[in-house]
>>> print(open('run17.pdb').read())   # PDB, C-alpha atoms
ATOM      1  CA  MET A   1       0.000   0.000   0.000  1.00  0.00           C
ATOM      2  CA  THR A   2       1.333   3.443  -0.953  1.00  0.00           C
ATOM      3  CA  THR A   3       2.178   5.541   2.088  1.00  0.00           C
ATOM      4  CA  THR A   4       3.665   8.651   0.494  1.00  0.00           C
ATOM      5  CA  PHE A   5       2.179  11.299  -1.742  1.00  0.00           C
ATOM      6  CA  PRO A   6       3.497  11.497  -5.315  1.00  0.00           C
ATOM      7  CA  ASP A   7       5.346  14.447  -6.807  1.00  0.00           C
ATOM      8  CA  ILE A   8       2.193  16.043  -8.180  1.00  0.00           C
ATOM      9  CA  SER A   9       1.059  19.032 -10.205  1.00  0.00           C
ATOM     10  CA  ILE A  10      -2.622  19.989  -9.944  1.00  0.00           C
ATOM     11  CA  ASN A  11      -4.128  22.441 -12.433  1.00  0.00           C
ATOM     12  CA  THR A  12      -7.301  24.509 -12.446  1.00  0.00           C
ATOM     13  CA  ASP A  13      -8.371  27.226 -14.877  1.00  0.00           C
ATOM     14  CA  ARG A  14      -6.505  29.862 -12.857  1.00  0.00           C
ATOM     15  CA  LEU A  15      -4.013  28.015 -10.675  1.00  0.00           C
ATOM     16  CA  VAL A  16      -1.168  25.520 -10.674  1.00  0.00           C
ATOM     17  CA  LEU A  17      -0.386  23.609  -7.479  1.00  0.00           C
ATOM     18  CA  ARG A  18       3.145  22.218  -7.491  1.00  0.00           C
ATOM     19  CA  ALA A  19       6.075  21.429  -5.223  1.00  0.00           C
ATOM     20  CA  LEU A  20       7.714  24.395  -3.535  1.00  0.00           C
ATOM     21  CA  ASP A  21      11.104  25.299  -5.008  1.00  0.00           C
ATOM     22  CA  GLU A  22      13.904  27.684  -4.067  1.00  0.00           C
ATOM     23  CA  GLY A  23      12.638  30.302  -6.479  1.00  0.00           C
ATOM     24  CA  ASP A  24       9.666  30.720  -4.106  1.00  0.00           C
ATOM     25  CA  VAL A  25      11.856  31.911  -1.211  1.00  0.00           C
ATOM     26  CA  PRO A  26      11.297  35.695  -1.549  1.00  0.00           C
ATOM     27  CA  ALA A  27       7.539  35.460  -2.132  1.00  0.00           C
ATOM     28  CA  LEU A  28       7.080  32.848   0.596  1.00  0.00           C
ATOM     29  CA  THR A  29       9.019  35.003   3.059  1.00  0.00           C
ATOM     30  CA  ALA A  30       6.885  38.059   2.309  1.00  0.00           C
ATOM     31  CA  MET A  31       3.659  36.066   2.571  1.00  0.00           C
ATOM     32  CA  MET A  32       4.542  34.488   5.905  1.00  0.00           C
ATOM     33  CA  ASN A  33       5.336  37.898   7.430  1.00  0.00           C
ATOM     34  CA  ASP A  34       1.773  39.099   6.850  1.00  0.00           C
ATOM     35  CA  GLU A  35      -0.145  40.093   9.995  1.00  0.00           C
ATOM     36  CA  LEU A  36      -2.990  37.593   9.489  1.00  0.00           C
ATOM     37  CA  VAL A  37      -0.569  34.753   8.854  1.00  0.00           C
ATOM     38  CA  GLY A  38       1.221  35.690  12.050  1.00  0.00           C
ATOM     39  CA  ALA A  39      -2.061  35.775  13.954  1.00  0.00           C
ATOM     40  CA  TRP A  40      -3.518  32.443  12.803  1.00  0.00           C
ATOM     41  CA  THR A  41      -0.473  30.207  12.304  1.00  0.00           C
ATOM     42  CA  ALA A  42       2.421  29.036  14.434  1.00  0.00           C
ATOM     43  CA  VAL A  43       5.162  30.155  12.021  1.00  0.00           C
ATOM     44  CA  PRO A  44       7.989  32.109  13.695  1.00  0.00           C
ATOM     45  CA  GLN A  45       7.745  35.898  13.483  1.00  0.00           C
ATOM     46  CA  PRO A  46       9.529  37.588  11.873  1.00  0.00           C
ATOM     47  CA  PHE A  47       9.830  34.931   9.178  1.00  0.00           C
ATOM     48  CA  THR A  48      13.227  35.009   7.464  1.00  0.00           C
ATOM     49  CA  GLU A  49      14.449  33.915   4.047  1.00  0.00           C
ATOM     50  CA  ALA A  50      16.560  31.308   5.829  1.00  0.00           C
ATOM     51  CA  ALA A  51      13.397  29.883   7.395  1.00  0.00           C
ATOM     52  CA  ALA A  52      11.686  29.831   3.999  1.00  0.00           C
ATOM     53  CA  ARG A  53      14.647  28.019   2.446  1.00  0.00           C
ATOM     54  CA  THR A  54      14.688  25.461   5.262  1.00  0.00           C
ATOM     55  CA  TRP A  55      10.955  24.850   4.774  1.00  0.00           C
ATOM     56  CA  ILE A  56      11.410  24.320   1.034  1.00  0.00           C
ATOM     57  CA  THR A  57      14.619  22.266   1.011  1.00  0.00           C
ATOM     58  CA  GLU A  58      14.333  20.314   4.283  1.00  0.00           C
ATOM     59  CA  TYR A  59      10.943  20.351   6.020  1.00  0.00           C
ATOM     60  CA  ALA A  60       8.639  19.831   3.023  1.00  0.00           C
ATOM     61  CA  PRO A  61      10.691  17.011   1.440  1.00  0.00           C
ATOM     62  CA  ALA A  62      10.981  15.270   4.832  1.00  0.00           C
ATOM     63  CA  GLU A  63       7.214  15.450   5.438  1.00  0.00           C
ATOM     64  CA  ARG A  64       6.520  13.922   2.036  1.00  0.00           C
ATOM     65  CA  ALA A  65       9.211  11.226   2.332  1.00  0.00           C
ATOM     66  CA  ALA A  66       7.929  10.175   5.757  1.00  0.00           C
ATOM     67  CA  GLY A  67       4.351   9.974   4.488  1.00  0.00           C
ATOM     68  CA  ARG A  68       3.095  12.592   6.913  1.00  0.00           C
ATOM     69  CA  GLY A  69       1.854  14.982   4.227  1.00  0.00           C
ATOM     70  CA  ILE A  70       2.724  17.233   1.324  1.00  0.00           C
ATOM     71  CA  ASP A  71       3.239  20.988   0.889  1.00  0.00           C
ATOM     72  CA  LEU A  72       2.194  22.565  -2.404  1.00  0.00           C
ATOM     73  CA  ALA A  73       2.904  26.018  -3.784  1.00  0.00           C
ATOM     74  CA  VAL A  74      -0.240  27.607  -5.224  1.00  0.00           C
ATOM     75  CA  THR A  75       0.635  29.790  -8.208  1.00  0.00           C
ATOM     76  CA  GLU A  76      -1.313  31.816 -10.752  1.00  0.00           C
ATOM     77  CA  PHE A  77      -1.417  30.000 -14.081  1.00  0.00           C
ATOM     78  CA  LEU A  78      -0.815  33.133 -16.153  1.00  0.00           C
ATOM     79  CA  THR A  79       1.697  35.057 -14.040  1.00  0.00           C
ATOM     80  CA  GLN A  80       3.426  32.215 -12.108  1.00  0.00           C
ATOM     81  CA  ARG A  81       3.130  34.386  -8.987  1.00  0.00           C
ATOM     82  CA  LEU A  82       2.966  32.583  -5.642  1.00  0.00           C
ATOM     83  CA  VAL A  83      -0.618  32.907  -4.437  1.00  0.00           C
ATOM     84  CA  GLY A  84      -0.320  30.741  -1.348  1.00  0.00           C
ATOM     85  CA  VAL A  85       0.424  27.327   0.092  1.00  0.00           C
ATOM     86  CA  ILE A  86      -1.696  24.210   0.542  1.00  0.00           C
ATOM     87  CA  GLN A  87      -0.550  21.779   3.217  1.00  0.00           C
ATOM     88  CA  LEU A  88      -1.665  18.226   3.931  1.00  0.00           C
ATOM     89  CA  GLY A  89      -0.538  16.783   7.258  1.00  0.00           C
ATOM     90  CA  ASN A  90      -1.262  14.271  10.007  1.00  0.00           C
ATOM     91  CA  THR A  91      -2.007  11.740   7.277  1.00  0.00           C
ATOM     92  CA  ASP A  92      -3.397   8.342   8.290  1.00  0.00           C
ATOM     93  CA  TRP A  93      -2.819   5.960   5.383  1.00  0.00           C
ATOM     94  CA  ARG A  94      -4.853   3.135   6.891  1.00  0.00           C
ATOM     95  CA  VAL A  95      -7.906   5.329   7.435  1.00  0.00           C
ATOM     96  CA  ARG A  96      -7.097   7.248   4.209  1.00  0.00           C
ATOM     97  CA  SER A  97      -7.563  10.548   5.990  1.00  0.00           C
ATOM     98  CA  THR A  98      -5.491  13.729   6.071  1.00  0.00           C
ATOM     99  CA  GLU A  99      -5.721  17.281   7.388  1.00  0.00           C
ATOM    100  CA  LEU A 100      -5.733  20.280   5.049  1.00  0.00           C
ATOM    101  CA  SER A 101      -4.619  23.830   5.756  1.00  0.00           C
ATOM    102  CA  TYR A 102      -4.107  26.830   3.507  1.00  0.00           C
ATOM    103  CA  ILE A 103      -2.386  30.199   3.494  1.00  0.00           C
ATOM    104  CA  VAL A 104      -3.032  32.943   0.936  1.00  0.00           C
ATOM    105  CA  ALA A 105      -0.842  35.964   0.239  1.00  0.00           C
ATOM    106  CA  PRO A 106      -2.467  39.262   1.287  1.00  0.00           C
ATOM    107  CA  TRP A 107      -2.502  40.654  -2.270  1.00  0.00           C
ATOM    108  CA  ALA A 108      -4.393  37.575  -3.517  1.00  0.00           C
ATOM    109  CA  ARG A 109      -7.194  37.470  -0.948  1.00  0.00           C
ATOM    110  CA  GLY A 110     -10.799  37.921  -2.033  1.00  0.00           C
ATOM    111  CA  GLU A 111     -10.269  36.143  -5.371  1.00  0.00           C
ATOM    112  CA  GLY A 112     -11.487  32.710  -4.271  1.00  0.00           C
ATOM    113  CA  TYR A 113      -8.015  31.208  -4.599  1.00  0.00           C
ATOM    114  CA  ALA A 114      -8.091  29.357  -1.257  1.00  0.00           C
ATOM    115  CA  SER A 115     -11.418  27.699  -2.116  1.00  0.00           C
ATOM    116  CA  GLU A 116     -10.300  26.846  -5.646  1.00  0.00           C
ATOM    117  CA  ALA A 117      -7.000  25.325  -4.518  1.00  0.00           C
ATOM    118  CA  SER A 118      -8.610  23.440  -1.632  1.00  0.00           C
ATOM    119  CA  LEU A 119     -11.359  22.007  -3.823  1.00  0.00           C
ATOM    120  CA  ALA A 120      -8.835  20.918  -6.462  1.00  0.00           C
ATOM    121  CA  THR A 121      -6.751  19.223  -3.759  1.00  0.00           C
ATOM    122  CA  ALA A 122      -9.813  17.444  -2.377  1.00  0.00           C
ATOM    123  CA  GLN A 123     -10.837  16.245  -5.848  1.00  0.00           C
ATOM    124  CA  TRP A 124      -7.343  14.853  -6.410  1.00  0.00           C
ATOM    125  CA  LEU A 125      -7.247  13.165  -2.997  1.00  0.00           C
ATOM    126  CA  PHE A 126     -10.627  11.493  -3.415  1.00  0.00           C
ATOM    127  CA  GLY A 127     -10.436  10.792  -7.137  1.00  0.00           C
ATOM    128  CA  ASP A 128      -6.805   9.784  -7.610  1.00  0.00           C
ATOM    129  CA  GLN A 129      -5.454   8.840  -4.192  1.00  0.00           C
ATOM    130  CA  GLY A 130      -8.464   6.947  -2.850  1.00  0.00           C
ATOM    131  CA  PHE A 131      -8.811   9.026   0.306  1.00  0.00           C
ATOM    132  CA  GLU A 132     -12.043   8.826   2.299  1.00  0.00           C
ATOM    133  CA  ARG A 133     -11.792  11.836   4.584  1.00  0.00           C
ATOM    134  CA  LEU A 134     -10.327  15.329   4.602  1.00  0.00           C
ATOM    135  CA  GLU A 135     -10.254  17.311   7.833  1.00  0.00           C
ATOM    136  CA  LEU A 136      -9.834  21.031   8.450  1.00  0.00           C
ATOM    137  CA  ARG A 137      -9.410  22.906  11.713  1.00  0.00           C
ATOM    138  CA  THR A 138     -10.140  26.611  11.900  1.00  0.00           C
ATOM    139  CA  ALA A 139      -9.703  28.960  14.833  1.00  0.00           C
ATOM    140  CA  ALA A 140     -13.044  30.033  16.262  1.00  0.00           C
ATOM    141  CA  ASP A 141     -12.545  33.683  15.234  1.00  0.00           C
ATOM    142  CA  ASN A 142     -11.005  33.001  11.820  1.00  0.00           C
ATOM    143  CA  THR A 143     -14.166  33.568   9.799  1.00  0.00           C
ATOM    144  CA  ALA A 144     -12.345  33.799   6.453  1.00  0.00           C
ATOM    145  CA  SER A 145     -10.936  30.307   6.872  1.00  0.00           C
ATOM    146  CA  GLN A 146     -14.334  29.000   7.950  1.00  0.00           C
ATOM    147  CA  GLN A 147     -15.899  30.416   4.781  1.00  0.00           C
ATOM    148  CA  VAL A 148     -13.402  28.479   2.665  1.00  0.00           C
ATOM    149  CA  ALA A 149     -14.341  25.248   4.459  1.00  0.00           C
ATOM    150  CA  GLN A 150     -18.032  25.904   3.838  1.00  0.00           C
ATOM    151  CA  LYS A 151     -17.532  26.757   0.164  1.00  0.00           C
ATOM    152  CA  ILE A 152     -15.868  23.436  -0.617  1.00  0.00           C
ATOM    153  CA  GLY A 153     -18.620  21.439   1.082  1.00  0.00           C
ATOM    154  CA  CYS A 154     -17.134  20.732   4.519  1.00  0.00           C
ATOM    155  CA  ILE A 155     -19.448  19.833   7.380  1.00  0.00           C
ATOM    156  CA  SER A 156     -18.859  21.344  10.814  1.00  0.00           C
ATOM    157  CA  GLU A 157     -18.388  18.385  13.153  1.00  0.00           C
ATOM    158  CA  GLY A 158     -17.710  19.998  16.506  1.00  0.00           C
ATOM    159  CA  VAL A 159     -15.487  22.203  18.629  1.00  0.00           C
ATOM    160  CA  LEU A 160     -12.194  21.391  20.299  1.00  0.00           C
ATOM    161  CA  ARG A 161     -12.305  23.734  23.262  1.00  0.00           C
ATOM    162  CA  ASN A 162      -9.127  25.649  24.122  1.00  0.00           C
ATOM    163  CA  ALA A 163      -7.198  23.598  21.556  1.00  0.00           C
ATOM    164  CA  CYS A 164      -5.860  26.490  19.447  1.00  0.00           C
ATOM    165  CA  ILE A 165      -3.229  29.086  20.258  1.00  0.00           C
ATOM    166  CA  ALA A 166      -3.511  32.236  18.153  1.00  0.00           C
ATOM    167  CA  ARG A 167      -1.498  35.446  18.403  1.00  0.00           C
ATOM    168  CA  THR A 168      -2.266  39.137  18.627  1.00  0.00           C
ATOM    169  CA  ARG A 169      -0.219  42.323  18.690  1.00  0.00           C
ATOM    170  CA  THR A 170       0.495  44.092  21.951  1.00  0.00           C
ATOM    171  CA  GLU A 171       0.610  47.876  22.308  1.00  0.00           C
ATOM    172  CA  ASP A 172       4.395  47.840  21.975  1.00  0.00           C
ATOM    173  CA  GLY A 173       4.207  45.893  18.695  1.00  0.00           C
ATOM    174  CA  ASP A 174       5.250  42.476  19.993  1.00  0.00           C
ATOM    175  CA  TRP A 175       3.227  39.296  19.597  1.00  0.00           C
ATOM    176  CA  THR A 176       1.365  37.709  22.504  1.00  0.00           C
ATOM    177  CA  GLU A 177      -0.394  34.362  22.501  1.00  0.00           C
ATOM    178  CA  LEU A 178      -4.053  33.807  23.273  1.00  0.00           C
ATOM    179  CA  ARG A 179      -5.973  30.581  23.594  1.00  0.00           C
ATOM    180  CA  THR A 180      -9.142  29.888  21.644  1.00  0.00           C
ATOM    181  CA  ASP A 181     -11.201  27.004  20.232  1.00  0.00           C
ATOM    182  CA  PHE A 182     -10.741  24.945  17.086  1.00  0.00           C
ATOM    183  CA  ILE A 183     -13.758  24.258  14.879  1.00  0.00           C
ATOM    184  CA  VAL A 184     -13.372  20.836  13.242  1.00  0.00           C
ATOM    185  CA  TRP A 185     -14.644  20.385   9.676  1.00  0.00           C
ATOM    186  CA  GLY A 186     -14.915  17.113   7.784  1.00  0.00           C
ATOM    187  CA  LEU A 187     -15.151  16.477   4.050  1.00  0.00           C
ATOM    188  CA  LEU A 188     -16.065  13.103   2.522  1.00  0.00           C
ATOM    189  CA  PRO A 189     -16.147  12.198  -1.191  1.00  0.00           C
ATOM    190  CA  GLU A 190     -19.941  12.429  -1.351  1.00  0.00           C
ATOM    191  CA  ASP A 191     -19.847  15.935   0.134  1.00  0.00           C
ATOM    192  CA  LEU A 192     -18.290  17.200  -3.110  1.00  0.00           C
ATOM    193  CA  ASP A 193     -21.423  16.444  -5.145  1.00  0.00           C
ATOM    194  CA  GLY A 194     -22.460  19.695  -6.798  1.00  0.00           C
ATOM    195  CA  VAL A 195     -19.784  21.822  -5.104  1.00  0.00           C
ATOM    196  CA  ALA A 196     -17.766  22.389  -8.282  1.00  0.00           C
ATOM    197  CA  ASP A 197     -20.893  23.491 -10.153  1.00  0.00           C
ATOM    198  CA  GLN A 198     -21.813  25.909  -7.367  1.00  0.00           C
ATOM    199  CA  MET A 199     -18.346  27.437  -7.431  1.00  0.00           C
ATOM    200  CA  ALA A 200     -18.475  27.719 -11.228  1.00  0.00           C
ATOM    201  CA  GLU A 201     -21.779  29.598 -10.949  1.00  0.00           C
ATOM    202  CA  ALA A 202     -20.081  31.952  -8.484  1.00  0.00           C
ATOM    203  CA  GLY A 203     -17.366  32.626 -11.075  1.00  0.00           C
ATOM    204  CA  TYR A 204     -14.648  30.278  -9.802  1.00  0.00           C
ATOM    205  CA  SER A 205     -12.965  27.409 -11.614  1.00  0.00           C
ATOM    206  CA  SER A 206     -14.674  24.022 -11.743  1.00  0.00           C
ATOM    207  CA  TYR A 207     -11.942  22.408 -13.875  1.00  0.00           C
ATOM    208  CA  THR A 208      -9.282  20.286 -12.188  1.00  0.00           C
ATOM    209  CA  ASP A 209      -6.529  18.149 -13.697  1.00  0.00           C
ATOM    210  CA  TRP A 210      -3.413  16.572 -12.272  1.00  0.00           C
ATOM    211  CA  SER A 211      -0.244  14.924 -13.468  1.00  0.00           C
TER     212      SER A 211
END
>>> encode(input="run17.pdb", output="structure tokens")
Amino acid sequence: MTTTFPDISINTDRLVLRALDEGDVPALTAMMNDELVGAWTAVPQPFTEAAARTWITEYAPAERAAGRGIDLAVTEFLTQRLVGVIQLGNTDWRVRSTELSYIVAPWARGEGYASEASLATAQWLFGDQGFERLELRTAADNTASQQVAQKIGCISEGVLRNACIARTRTEDGDWTELRTDFIVWGLLPEDLDGVADQMAEAGYSSYTDWS
């Protein structure tokens, strides 16, 4: 039984999802230093180019080789610009389940890129990799992330109380941690029925291909 993800490229009308490479270092560094990324993720702040290079050349390959997950750069098809990152982690190959998370660059927000990339990833997982469950966890106050989960057909399954540590700025400009809840979302293959058509009607891509 396969227990690692393949080296994959996933295409939609507007996006290409592919492996991160060293050419992504500057754009990845800028994206990870955004205030919302700092607030809702655990990445170190400030995020340096050295940290981006380590992620690309060491962390991401190790996660894939160990079968824990895969990190994909999300790029615009026409411009090749780095739109964001899709991550799969905590993968259970026996259950055929994995956890999805996403980050979008500040300049690219509001375009439906997170939903489009997440849906394409889910279609690939269910259609090509034989997965039976995709899980998302969103901080209780992260409404933008929750909207992405809803758009791709996820079902809210419950709350993990006090399970999330977010960050906020203090008056002197430093970061301080605060504890909040995680909302758990689940997506099964049958939950995707009609989702692509609904997104297409809203003006987002319904085409997905992979190689």
>>> resolve_selection(input="run17.pdb", expression="the PyMOL selection byres ((chain A and resi 37-46) around 10)", output="compact mmCIF listing (two decimals) with C-alpha atoms, in the frame of the given file")
# COMPACT_ATOMS: atom_id res chain seq x y z
CA THR A 29 9.02 35.00 3.06
CA ALA A 30 6.88 38.06 2.31
CA MET A 31 3.66 36.07 2.57
CA MET A 32 4.54 34.49 5.90
CA ASN A 33 5.34 37.90 7.43
CA ASP A 34 1.77 39.10 6.85
CA GLU A 35 -0.14 40.09 9.99
CA LEU A 36 -2.99 37.59 9.49
CA PHE A 47 9.83 34.93 9.18
CA THR A 48 13.23 35.01 7.46
CA GLU A 49 14.45 33.92 4.05
CA ALA A 51 13.40 29.88 7.40
CA ILE A 103 -2.39 30.20 3.49
CA VAL A 104 -3.03 32.94 0.94
CA ALA A 105 -0.84 35.96 0.24
CA PRO A 106 -2.47 39.26 1.29
CA THR A 138 -10.14 26.61 11.90
CA ALA A 139 -9.70 28.96 14.83
CA ASP A 141 -12.54 33.68 15.23
CA ASN A 142 -11.00 33.00 11.82
CA SER A 145 -10.94 30.31 6.87
CA CYS A 164 -5.86 26.49 19.45
CA ILE A 165 -3.23 29.09 20.26
CA ALA A 166 -3.51 32.24 18.15
CA ARG A 167 -1.50 35.45 18.40
CA THR A 168 -2.27 39.14 18.63
CA ARG A 169 -0.22 42.32 18.69
CA ASP A 174 5.25 42.48 19.99
CA TRP A 175 3.23 39.30 19.60
CA THR A 176 1.36 37.71 22.50
CA GLU A 177 -0.39 34.36 22.50
CA LEU A 178 -4.05 33.81 23.27
>>> atom_distance(input="run17.pdb", atom1="CA of Ala73 in chain A", atom2="CA of Leu20 in chain A")
5.1 Å
>>> resolve_selection(input="run17.pdb", expression="the PyMOL selection byres ((chain A and resi 13-19) around 10)", output="VMD selection string")
chain A and resid 7 to 12 20 to 21 56 60 to 61 70 to 86 113 116 to 117 120 to 121 204 to 210
>>> axis_aligned_box(input="run17.pdb", around="range 113-124 of chain A", padding_each_side="5 Å", output="lines of an AutoDock Vina configuration file")
center_x = -9.1
center_y = 23.0
center_z = -3.9
size_x = 14.7
size_y = 26.4
size_z = 15.2
>>> atom_distance(input="run17.pdb", atom1="CA of Arg137 in chain A", atom2="CA of Gly173 in chain A")
27.6 Å
>>> atom_distance(input="run17.pdb", atom1="CA of Asp193 in chain A", atom2="CA of Gly153 in chain A")
8.5 Å
>>> closest_residue(input="run17.pdb", among="A:Gln198, A:Arg161, A:Gln150, A:Ser97", to="Thr180 in chain A", atoms="only C-alpha atoms")
A:Arg161
